[in-house]
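Structure data (compact mmCIF, N, CA and C atoms and all ligand atoms) from protein_8.txt:
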# COMPACT_ATOMS: atom_id res chain seq x y z
N MET A 34 -77.20 -138.66 202.17
CA MET A 34 -77.74 -140.03 202.24
C MET A 34 -78.90 -140.06 203.22
N LEU A 35 -80.00 -140.61 202.82
CA LEU A 35 -81.14 -140.72 203.71
C LEU A 35 -80.91 -141.83 204.71
N SER A 36 -81.47 -141.71 205.89
CA SER A 36 -81.44 -142.82 206.84
C SER A 36 -82.32 -143.93 206.29
N GLY A 37 -82.14 -145.13 206.82
CA GLY A 37 -82.93 -146.26 206.33
C GLY A 37 -84.42 -145.99 206.44
N ARG A 38 -84.83 -145.41 207.55
CA ARG A 38 -86.26 -145.19 207.76
C ARG A 38 -86.79 -144.12 206.80
N ALA A 39 -86.04 -143.03 206.65
CA ALA A 39 -86.49 -141.97 205.74
C ALA A 39 -86.57 -142.51 204.32
N ARG A 40 -85.61 -143.34 203.98
CA ARG A 40 -85.58 -143.89 202.64
C ARG A 40 -86.80 -144.79 202.41
N TRP A 41 -87.09 -145.59 203.40
CA TRP A 41 -88.23 -146.51 203.29
C TRP A 41 -89.53 -145.72 203.19
N LEU A 42 -89.65 -144.69 204.03
CA LEU A 42 -90.88 -143.89 203.99
C LEU A 42 -91.04 -143.21 202.64
N SER A 43 -89.94 -142.71 202.09
CA SER A 43 -90.08 -142.03 200.80
C SER A 43 -90.39 -143.05 199.70
N THR A 44 -89.91 -144.29 199.87
CA THR A 44 -90.26 -145.33 198.90
C THR A 44 -91.77 -145.58 198.94
N ILE A 45 -92.31 -145.66 200.15
CA ILE A 45 -93.76 -145.88 200.29
C ILE A 45 -94.53 -144.71 199.66
N GLY A 46 -94.07 -143.49 199.93
CA GLY A 46 -94.74 -142.33 199.36
C GLY A 46 -94.75 -142.39 197.84
N LEU A 47 -93.61 -142.74 197.28
CA LEU A 47 -93.52 -142.84 195.83
C LEU A 47 -94.44 -143.95 195.33
N ALA A 48 -94.47 -145.06 196.07
CA ALA A 48 -95.31 -146.19 195.67
C ALA A 48 -96.78 -145.77 195.65
N LEU A 49 -97.19 -145.02 196.66
CA LEU A 49 -98.59 -144.58 196.70
C LEU A 49 -98.88 -143.64 195.53
N GLY A 50 -97.93 -142.76 195.24
CA GLY A 50 -98.10 -141.86 194.11
C GLY A 50 -98.25 -142.63 192.80
N LEU A 51 -97.40 -143.63 192.65
CA LEU A 51 -97.47 -144.44 191.43
C LEU A 51 -98.79 -145.19 191.36
N ALA A 52 -99.24 -145.71 192.51
CA ALA A 52 -100.49 -146.47 192.52
C ALA A 52 -101.64 -145.60 192.03
N ALA A 53 -101.60 -144.32 192.42
CA ALA A 53 -102.68 -143.43 192.05
C ALA A 53 -102.68 -143.13 190.55
N THR A 54 -101.50 -143.19 189.93
CA THR A 54 -101.42 -142.80 188.52
C THR A 54 -101.40 -144.00 187.57
N CYS A 55 -101.38 -145.21 188.12
CA CYS A 55 -101.27 -146.39 187.27
C CYS A 55 -102.54 -146.60 186.44
N GLY A 56 -102.36 -146.93 185.19
CA GLY A 56 -103.49 -147.17 184.30
C GLY A 56 -103.98 -148.60 184.42
N PRO A 57 -104.91 -149.01 183.54
CA PRO A 57 -105.39 -150.38 183.54
C PRO A 57 -104.26 -151.36 183.18
N SER A 58 -104.41 -152.58 183.60
CA SER A 58 -103.29 -153.53 183.44
C SER A 58 -103.35 -154.27 182.11
N GLN A 59 -102.16 -154.67 181.66
CA GLN A 59 -102.04 -155.50 180.45
C GLN A 59 -100.91 -156.47 180.72
N ALA A 60 -100.96 -157.11 181.90
CA ALA A 60 -99.85 -157.94 182.35
C ALA A 60 -99.76 -159.25 181.57
N ALA A 61 -98.55 -159.78 181.51
CA ALA A 61 -98.36 -161.12 181.00
C ALA A 61 -99.00 -162.09 181.99
N PRO A 62 -99.55 -163.21 181.52
CA PRO A 62 -100.15 -164.16 182.45
C PRO A 62 -99.11 -164.66 183.44
N ALA A 63 -99.50 -164.72 184.73
CA ALA A 63 -98.54 -165.03 185.79
C ALA A 63 -97.98 -166.44 185.65
N ASP A 64 -98.77 -167.36 185.07
CA ASP A 64 -98.27 -168.74 184.97
C ASP A 64 -97.67 -169.03 183.60
N GLY A 65 -97.59 -167.98 182.75
CA GLY A 65 -97.00 -168.15 181.43
C GLY A 65 -95.49 -168.01 181.50
N PRO A 66 -94.83 -167.89 180.34
CA PRO A 66 -93.38 -167.70 180.35
C PRO A 66 -93.00 -166.41 181.03
N LYS A 67 -91.85 -166.39 181.63
CA LYS A 67 -91.40 -165.17 182.31
C LYS A 67 -91.06 -164.10 181.28
N PRO A 68 -91.34 -162.84 181.58
CA PRO A 68 -90.98 -161.76 180.65
C PRO A 68 -89.47 -161.74 180.42
N THR A 69 -89.09 -161.45 179.18
CA THR A 69 -87.67 -161.40 178.81
C THR A 69 -86.90 -160.46 179.73
N LEU A 70 -87.53 -159.34 180.05
CA LEU A 70 -86.89 -158.35 180.93
C LEU A 70 -86.52 -158.98 182.27
N TYR A 71 -87.42 -159.78 182.82
CA TYR A 71 -87.13 -160.43 184.09
C TYR A 71 -85.96 -161.39 183.94
N VAL A 72 -86.03 -162.22 182.90
CA VAL A 72 -85.00 -163.25 182.71
C VAL A 72 -83.63 -162.61 182.46
N GLN A 73 -83.61 -161.57 181.62
CA GLN A 73 -82.32 -161.00 181.21
C GLN A 73 -81.74 -160.03 182.24
N VAL A 74 -82.59 -159.39 183.03
CA VAL A 74 -82.09 -158.38 183.97
C VAL A 74 -82.28 -158.83 185.42
N CYS A 75 -83.51 -158.89 185.87
CA CYS A 75 -83.77 -159.11 187.30
C CYS A 75 -83.25 -160.47 187.77
N ALA A 76 -83.49 -161.51 186.95
CA ALA A 76 -83.12 -162.87 187.39
C ALA A 76 -81.62 -163.03 187.56
N GLN A 77 -80.83 -162.18 186.89
CA GLN A 77 -79.37 -162.27 187.03
C GLN A 77 -78.95 -162.09 188.47
N CYS A 78 -79.72 -161.35 189.23
CA CYS A 78 -79.44 -161.20 190.66
C CYS A 78 -80.46 -161.98 191.50
N HIS A 79 -81.74 -161.87 191.12
CA HIS A 79 -82.79 -162.36 192.02
C HIS A 79 -83.02 -163.85 191.93
N ASP A 80 -82.54 -164.52 190.91
CA ASP A 80 -82.62 -165.98 190.87
C ASP A 80 -81.26 -166.59 191.19
N LYS A 81 -80.29 -165.75 191.55
CA LYS A 81 -78.94 -166.26 191.76
C LYS A 81 -78.42 -165.95 193.16
N GLY A 82 -79.32 -165.55 194.04
CA GLY A 82 -78.92 -165.36 195.43
C GLY A 82 -78.25 -164.02 195.72
N VAL A 83 -78.16 -163.13 194.71
CA VAL A 83 -77.58 -161.80 194.96
C VAL A 83 -78.63 -160.91 195.63
N GLY A 84 -79.85 -160.96 195.11
CA GLY A 84 -80.99 -160.27 195.73
C GLY A 84 -82.00 -161.30 196.20
N PRO A 85 -82.97 -160.88 197.00
CA PRO A 85 -83.97 -161.82 197.50
C PRO A 85 -84.88 -162.34 196.39
N VAL A 86 -85.42 -163.55 196.59
CA VAL A 86 -86.37 -164.12 195.64
C VAL A 86 -87.58 -163.17 195.51
N LEU A 87 -88.05 -162.96 194.28
CA LEU A 87 -89.19 -162.06 194.06
C LEU A 87 -90.46 -162.83 193.72
N LEU A 88 -90.31 -163.99 193.09
CA LEU A 88 -91.47 -164.73 192.61
C LEU A 88 -92.24 -165.34 193.78
N GLY A 89 -93.58 -165.34 193.65
CA GLY A 89 -94.41 -166.03 194.62
C GLY A 89 -94.54 -165.31 195.94
N ARG A 90 -94.12 -164.05 196.02
CA ARG A 90 -94.21 -163.32 197.29
C ARG A 90 -95.32 -162.28 197.29
N ARG A 91 -95.99 -162.13 196.16
CA ARG A 91 -97.08 -161.17 196.03
C ARG A 91 -96.66 -159.77 196.48
N LEU A 92 -95.44 -159.38 196.10
CA LEU A 92 -94.99 -158.00 196.37
C LEU A 92 -95.88 -157.06 195.58
N ALA A 93 -96.23 -155.92 196.17
CA ALA A 93 -97.14 -154.98 195.51
C ALA A 93 -96.46 -154.34 194.30
N ALA A 94 -97.15 -154.36 193.16
CA ALA A 94 -96.59 -153.84 191.92
C ALA A 94 -96.06 -152.39 192.06
N PRO A 95 -96.79 -151.48 192.70
CA PRO A 95 -96.27 -150.11 192.81
C PRO A 95 -94.98 -150.03 193.62
N ALA A 96 -94.85 -150.90 194.63
CA ALA A 96 -93.62 -150.91 195.43
C ALA A 96 -92.45 -151.43 194.59
N ILE A 97 -92.70 -152.44 193.77
CA ILE A 97 -91.66 -152.98 192.89
C ILE A 97 -91.20 -151.88 191.93
N GLN A 98 -92.15 -151.15 191.36
CA GLN A 98 -91.79 -150.09 190.42
C GLN A 98 -90.95 -149.02 191.11
N ALA A 99 -91.31 -148.68 192.34
CA ALA A 99 -90.57 -147.65 193.06
C ALA A 99 -89.13 -148.11 193.32
N ILE A 100 -88.97 -149.37 193.69
CA ILE A 100 -87.63 -149.89 193.98
C ILE A 100 -86.79 -149.94 192.70
N VAL A 101 -87.39 -150.36 191.60
CA VAL A 101 -86.64 -150.43 190.34
C VAL A 101 -86.19 -149.02 189.91
N ARG A 102 -87.02 -148.03 190.08
CA ARG A 102 -86.66 -146.66 189.68
C ARG A 102 -85.65 -146.02 190.62
N ARG A 103 -85.72 -146.35 191.89
CA ARG A 103 -84.88 -145.67 192.88
C ARG A 103 -83.66 -146.47 193.30
N GLY A 104 -83.68 -147.80 193.08
CA GLY A 104 -82.63 -148.66 193.60
C GLY A 104 -82.86 -148.91 195.09
N LEU A 105 -82.13 -149.87 195.63
CA LEU A 105 -82.29 -150.20 197.05
C LEU A 105 -80.98 -150.82 197.52
N ASN A 106 -80.21 -150.05 198.27
CA ASN A 106 -78.91 -150.53 198.76
C ASN A 106 -78.09 -151.14 197.62
N GLY A 107 -77.92 -152.46 197.62
CA GLY A 107 -77.09 -153.10 196.60
C GLY A 107 -77.74 -153.18 195.23
N MET A 108 -79.00 -152.83 195.15
CA MET A 108 -79.68 -152.93 193.85
C MET A 108 -79.60 -151.59 193.10
N PRO A 109 -79.15 -151.64 191.83
CA PRO A 109 -79.06 -150.40 191.07
C PRO A 109 -80.44 -149.88 190.68
N ALA A 110 -80.55 -148.57 190.47
CA ALA A 110 -81.78 -147.98 189.94
C ALA A 110 -81.76 -148.11 188.41
N PHE A 111 -82.94 -148.25 187.81
CA PHE A 111 -83.06 -148.31 186.35
C PHE A 111 -83.88 -147.12 185.88
N ARG A 112 -83.36 -146.39 184.89
CA ARG A 112 -84.05 -145.21 184.36
C ARG A 112 -85.06 -145.62 183.29
N PRO A 113 -85.99 -144.71 182.99
CA PRO A 113 -86.97 -145.00 181.93
C PRO A 113 -86.31 -145.25 180.57
N THR A 114 -85.10 -144.73 180.36
CA THR A 114 -84.42 -145.01 179.09
C THR A 114 -83.90 -146.45 179.07
N GLU A 115 -83.74 -147.05 180.25
CA GLU A 115 -83.27 -148.44 180.33
C GLU A 115 -84.45 -149.41 180.36
N ILE A 116 -85.45 -149.09 181.19
CA ILE A 116 -86.67 -149.88 181.27
C ILE A 116 -87.84 -148.91 181.15
N PRO A 117 -88.49 -148.86 179.98
CA PRO A 117 -89.60 -147.92 179.78
C PRO A 117 -90.74 -148.18 180.77
N ASP A 118 -91.50 -147.13 181.09
CA ASP A 118 -92.59 -147.22 182.05
C ASP A 118 -93.55 -148.38 181.78
N ALA A 119 -93.92 -148.55 180.51
CA ALA A 119 -94.91 -149.58 180.18
C ALA A 119 -94.34 -150.97 180.46
N GLU A 120 -93.06 -151.17 180.15
CA GLU A 120 -92.43 -152.47 180.43
C GLU A 120 -92.33 -152.72 181.92
N LEU A 121 -91.98 -151.68 182.65
CA LEU A 121 -91.87 -151.82 184.10
C LEU A 121 -93.23 -152.12 184.72
N ALA A 122 -94.26 -151.47 184.22
CA ALA A 122 -95.61 -151.71 184.74
C ALA A 122 -96.02 -153.16 184.50
N ALA A 123 -95.78 -153.67 183.29
CA ALA A 123 -96.14 -155.05 182.98
C ALA A 123 -95.31 -156.02 183.81
N LEU A 124 -94.02 -155.72 183.94
CA LEU A 124 -93.13 -156.59 184.72
C LEU A 124 -93.56 -156.66 186.18
N SER A 125 -93.90 -155.52 186.77
CA SER A 125 -94.23 -155.52 188.19
C SER A 125 -95.57 -156.22 188.42
N ARG A 126 -96.48 -156.12 187.46
CA ARG A 126 -97.73 -156.87 187.63
C ARG A 126 -97.47 -158.37 187.51
N PHE A 127 -96.59 -158.76 186.60
CA PHE A 127 -96.21 -160.16 186.50
C PHE A 127 -95.64 -160.65 187.83
N LEU A 128 -94.71 -159.87 188.40
CA LEU A 128 -94.07 -160.29 189.65
C LEU A 128 -95.08 -160.36 190.79
N GLN A 129 -96.03 -159.44 190.81
CA GLN A 129 -97.03 -159.45 191.88
C GLN A 129 -97.87 -160.73 191.82
N GLU A 130 -98.14 -161.20 190.61
CA GLU A 130 -99.03 -162.35 190.44
C GLU A 130 -98.29 -163.68 190.33
N ALA A 131 -97.00 -163.65 190.04
CA ALA A 131 -96.28 -164.88 189.68
C ALA A 131 -96.30 -165.89 190.82
N PRO A 132 -96.50 -167.17 190.48
CA PRO A 132 -96.45 -168.21 191.50
C PRO A 132 -95.01 -168.46 191.95
N LYS A 133 -94.86 -169.11 193.06
CA LYS A 133 -93.54 -169.50 193.55
C LYS A 133 -92.88 -170.41 192.52
N GLU A 134 -91.56 -170.28 192.42
CA GLU A 134 -90.80 -171.11 191.49
C GLU A 134 -90.89 -172.58 191.92
N GLN A 135 -91.18 -173.47 190.94
CA GLN A 135 -91.18 -174.90 191.27
C GLN A 135 -89.76 -175.38 191.52
N GLN A 136 -89.59 -176.21 192.52
CA GLN A 136 -88.28 -176.83 192.72
C GLN A 136 -88.11 -177.97 191.72
N PRO A 137 -86.96 -178.08 191.06
CA PRO A 137 -86.76 -179.14 190.09
C PRO A 137 -86.68 -180.51 190.76
C1 LIG B 1 -77.30 -156.13 190.22
C2 LIG B 1 -78.21 -157.02 190.90
C3 LIG B 1 -79.70 -156.73 190.82
C4 LIG B 1 -80.47 -156.58 189.68
C5 LIG B 1 -80.03 -156.63 188.22
C6 LIG B 1 -81.82 -156.39 190.15
N1 LIG B 1 -81.86 -156.39 191.52
FE1 LIG B 1 -83.51 -156.14 192.70
N2 LIG B 1 -82.37 -156.27 194.36
C7 LIG B 1 -81.01 -156.52 194.38
C8 LIG B 1 -80.57 -156.58 195.76
C9 LIG B 1 -79.14 -156.85 196.22
C10 LIG B 1 -81.70 -156.34 196.57
C11 LIG B 1 -81.78 -156.27 198.09
C12 LIG B 1 -81.64 -154.83 198.52
C13 LIG B 1 -81.78 -154.68 200.04
O1 LIG B 1 -82.82 -155.09 200.59
O2 LIG B 1 -80.87 -154.16 200.64
C14 LIG B 1 -82.82 -156.15 195.65
C15 LIG B 1 -84.12 -155.90 196.06
C16 LIG B 1 -85.20 -155.84 195.22
C17 LIG B 1 -86.58 -155.71 195.65
C18 LIG B 1 -87.06 -155.65 197.09
C19 LIG B 1 -87.29 -157.07 197.53
C20 LIG B 1 -87.67 -157.20 198.98
O3 LIG B 1 -87.75 -158.35 199.45
O4 LIG B 1 -87.86 -156.17 199.65
C21 LIG B 1 -87.35 -155.71 194.53
C22 LIG B 1 -88.87 -155.60 194.45
C23 LIG B 1 -86.47 -155.82 193.39
N3 LIG B 1 -85.17 -155.90 193.85
C24 LIG B 1 -86.89 -155.87 192.08
C25 LIG B 1 -86.04 -155.99 190.98
C26 LIG B 1 -86.50 -156.03 189.62
C27 LIG B 1 -87.95 -155.96 189.18
C28 LIG B 1 -85.39 -156.12 188.83
C29 LIG B 1 -85.32 -156.17 187.32
C30 LIG B 1 -85.79 -154.99 186.63
C31 LIG B 1 -84.23 -156.15 189.72
N4 LIG B 1 -84.68 -156.07 191.01
C32 LIG B 1 -82.91 -156.23 189.30
C33 LIG B 1 -80.19 -156.70 193.29
C34 LIG B 1 -80.59 -156.60 191.96

Kindly present the structure from the file in structure tokens form.
Amino acid sequence: MLSGRARWLSTIGLALGLAATCGPSQAAPADGPKPTLYVQVCAQCHDKGVGPVLLGRRLAAPAIQAIVRRGLNGMPAFRPTEIPDAELAALSRFLQEAPKEQQP
């Protein structure tokens, strides 16, 4: 098991590697409907208080991709067979740009 710091540093390293290899973007519009993948998977934890809110925080897309692939403490990792690279890339760009959730 890596220490928290080693784990965080390796996450950053992976994020930088991903940033270098990322192609041009084809993201869903940030103010449009949420991607199905977000609603069906991520929101089950992240809109329900299990994980931290993701929308409106401008989290860096490569860091989001690294966390989804590697997992983070209570968050499970997702393999490319579960979430293909292209879907993850589009999802993370959506999350990076998405506005804060409106309060009802
Ligand atoms: C089973 C519940 C669960 C699911 C499903 C889930 N997450 Fe998480 N996620 C968590 C938890 C819990 C954390 C907090 C981990 C920690 O900081 O210890 C987290 C943390 C994160 C973080 C870091 C947030 C921060 O503030 O540092 C990101 C980014 C993230 N998740 C993205 C996603 C994405 C994208 C999806 C959908 C593909 C997803 N998660 C699906 C539970 C989940």

Expected selection as JSON, numbers by chain for ligand LIG 1 (chain B) within 7 Å, only C-alpha atoms and all ligand atoms = {"A": [70, 71, 74, 75, 76, 77, 78, 79, 83, 84, 85, 87, 92, 96, 97, 100, 101, 105, 106, 107, 108, 109, 124, 125]}

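Atom CA of A:Pro117 is positioned 24.4 Å from atom CA of A:Pro132.
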
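In this model, the gap between atom CA of A:Ala122 and atom C of A:Ala94 comes to 7.4 Å.
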
key: Interatomic distance (Å, one decimal) between atom N of A:Gly82 and atom CA of A:Glu134   =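 Atom CA of A:Glu134 lies at a distance of 13.0 Å from atom N of A:Gly82.
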
Dig up all the protein and nucleic acid residues within 12 Å of (-89.2, -164.4, 181.5) in the file frame, using only C-alpha atoms, and format them as a tab-separated table (two decimals) with N, CA and C atoms, keeping the file's coordinate frame.
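Output saved as part31.tsv:
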chain	number	residue	atom	x	y	z
A	61	ALA	N	-98.55	-159.78	181.51
A	61	ALA	CA	-98.36	-161.12	181.00
A	61	ALA	C	-99.00	-162.09	181.99
A	62	PRO	N	-99.55	-163.21	181.52
A	62	PRO	CA	-100.15	-164.16	182.45
A	62	PRO	C	-99.11	-164.66	183.44
A	63	ALA	N	-99.50	-164.72	184.73
A	63	ALA	CA	-98.54	-165.03	185.79
A	63	ALA	C	-97.98	-166.44	185.65
A	64	ASP	N	-98.77	-167.36	185.07
A	64	ASP	CA	-98.27	-168.74	184.97
A	64	ASP	C	-97.67	-169.03	183.60
A	65	GLY	N	-97.59	-167.98	182.75
A	65	GLY	CA	-97.00	-168.15	181.43
A	65	GLY	C	-95.49	-168.01	181.50
A	66	PRO	N	-94.83	-167.89	180.34
A	66	PRO	CA	-93.38	-167.70	180.35
A	66	PRO	C	-93.00	-166.41	181.03
A	67	LYS	N	-91.85	-166.39	181.63
A	67	LYS	CA	-91.40	-165.17	182.31
A	67	LYS	C	-91.06	-164.10	181.28
A	68	PRO	N	-91.34	-162.84	181.58
A	68	PRO	CA	-90.98	-161.76	180.65
A	68	PRO	C	-89.47	-161.74	180.42
A	69	THR	N	-89.09	-161.45	179.18
A	69	THR	CA	-87.67	-161.40	178.81
A	69	THR	C	-86.90	-160.46	179.73
A	70	LEU	N	-87.53	-159.34	180.05
A	70	LEU	CA	-86.89	-158.35	180.93
A	70	LEU	C	-86.52	-158.98	182.27
A	71	TYR	N	-87.42	-159.78	182.82
A	71	TYR	CA	-87.13	-160.43	184.09
A	71	TYR	C	-85.96	-161.39	183.94
A	72	VAL	N	-86.03	-162.22	182.90
A	72	VAL	CA	-85.00	-163.25	182.71
A	72	VAL	C	-83.63	-162.61	182.46
A	73	GLN	N	-83.61	-161.57	181.62
A	73	GLN	CA	-82.32	-161.00	181.21
A	73	GLN	C	-81.74	-160.03	182.24
A	74	VAL	N	-82.59	-159.39	183.03
A	74	VAL	CA	-82.09	-158.38	183.97
A	74	VAL	C	-82.28	-158.83	185.42
A	75	CYS	N	-83.51	-158.89	185.87
A	75	CYS	CA	-83.77	-159.11	187.30
A	75	CYS	C	-83.25	-160.47	187.77
A	76	ALA	N	-83.49	-161.51	186.95
A	76	ALA	CA	-83.12	-162.87	187.39
A	76	ALA	C	-81.62	-163.03	187.56
A	77	GLN	N	-80.83	-162.18	186.89
A	77	GLN	CA	-79.37	-162.27	187.03
A	77	GLN	C	-78.95	-162.09	188.47
A	80	ASP	N	-82.54	-164.52	190.91
A	80	ASP	CA	-82.62	-165.98	190.87
A	80	ASP	C	-81.26	-166.59	191.19
A	88	LEU	N	-90.31	-163.99	193.09
A	88	LEU	CA	-91.47	-164.73	192.61
A	88	LEU	C	-92.24	-165.34	193.78
A	123	ALA	N	-95.78	-153.67	183.29
A	123	ALA	CA	-96.14	-155.05	182.98
A	123	ALA	C	-95.31	-156.02	183.81
A	124	LEU	N	-94.02	-155.72	183.94
A	124	LEU	CA	-93.13	-156.59	184.72
A	124	LEU	C	-93.56	-156.66	186.18
A	127	PHE	N	-96.59	-158.76	186.60
A	127	PHE	CA	-96.21	-160.16	186.50
A	127	PHE	C	-95.64	-160.65	187.83
A	128	LEU	N	-94.71	-159.87	188.40
A	128	LEU	CA	-94.07	-160.29	189.65
A	128	LEU	C	-95.08	-160.36	190.79
A	131	ALA	N	-97.00	-163.65	190.04
A	131	ALA	CA	-96.28	-164.88	189.68
A	131	ALA	C	-96.30	-165.89	190.82

ask   = Counting only C-alpha atoms, which of A:Ala119, A:Arg126, A:Phe111, A:Lys133 gets nearest to A:Ala93?
value =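 Counting only C-alpha atoms, the residue closest to A:Ala93 is A:Arg126.
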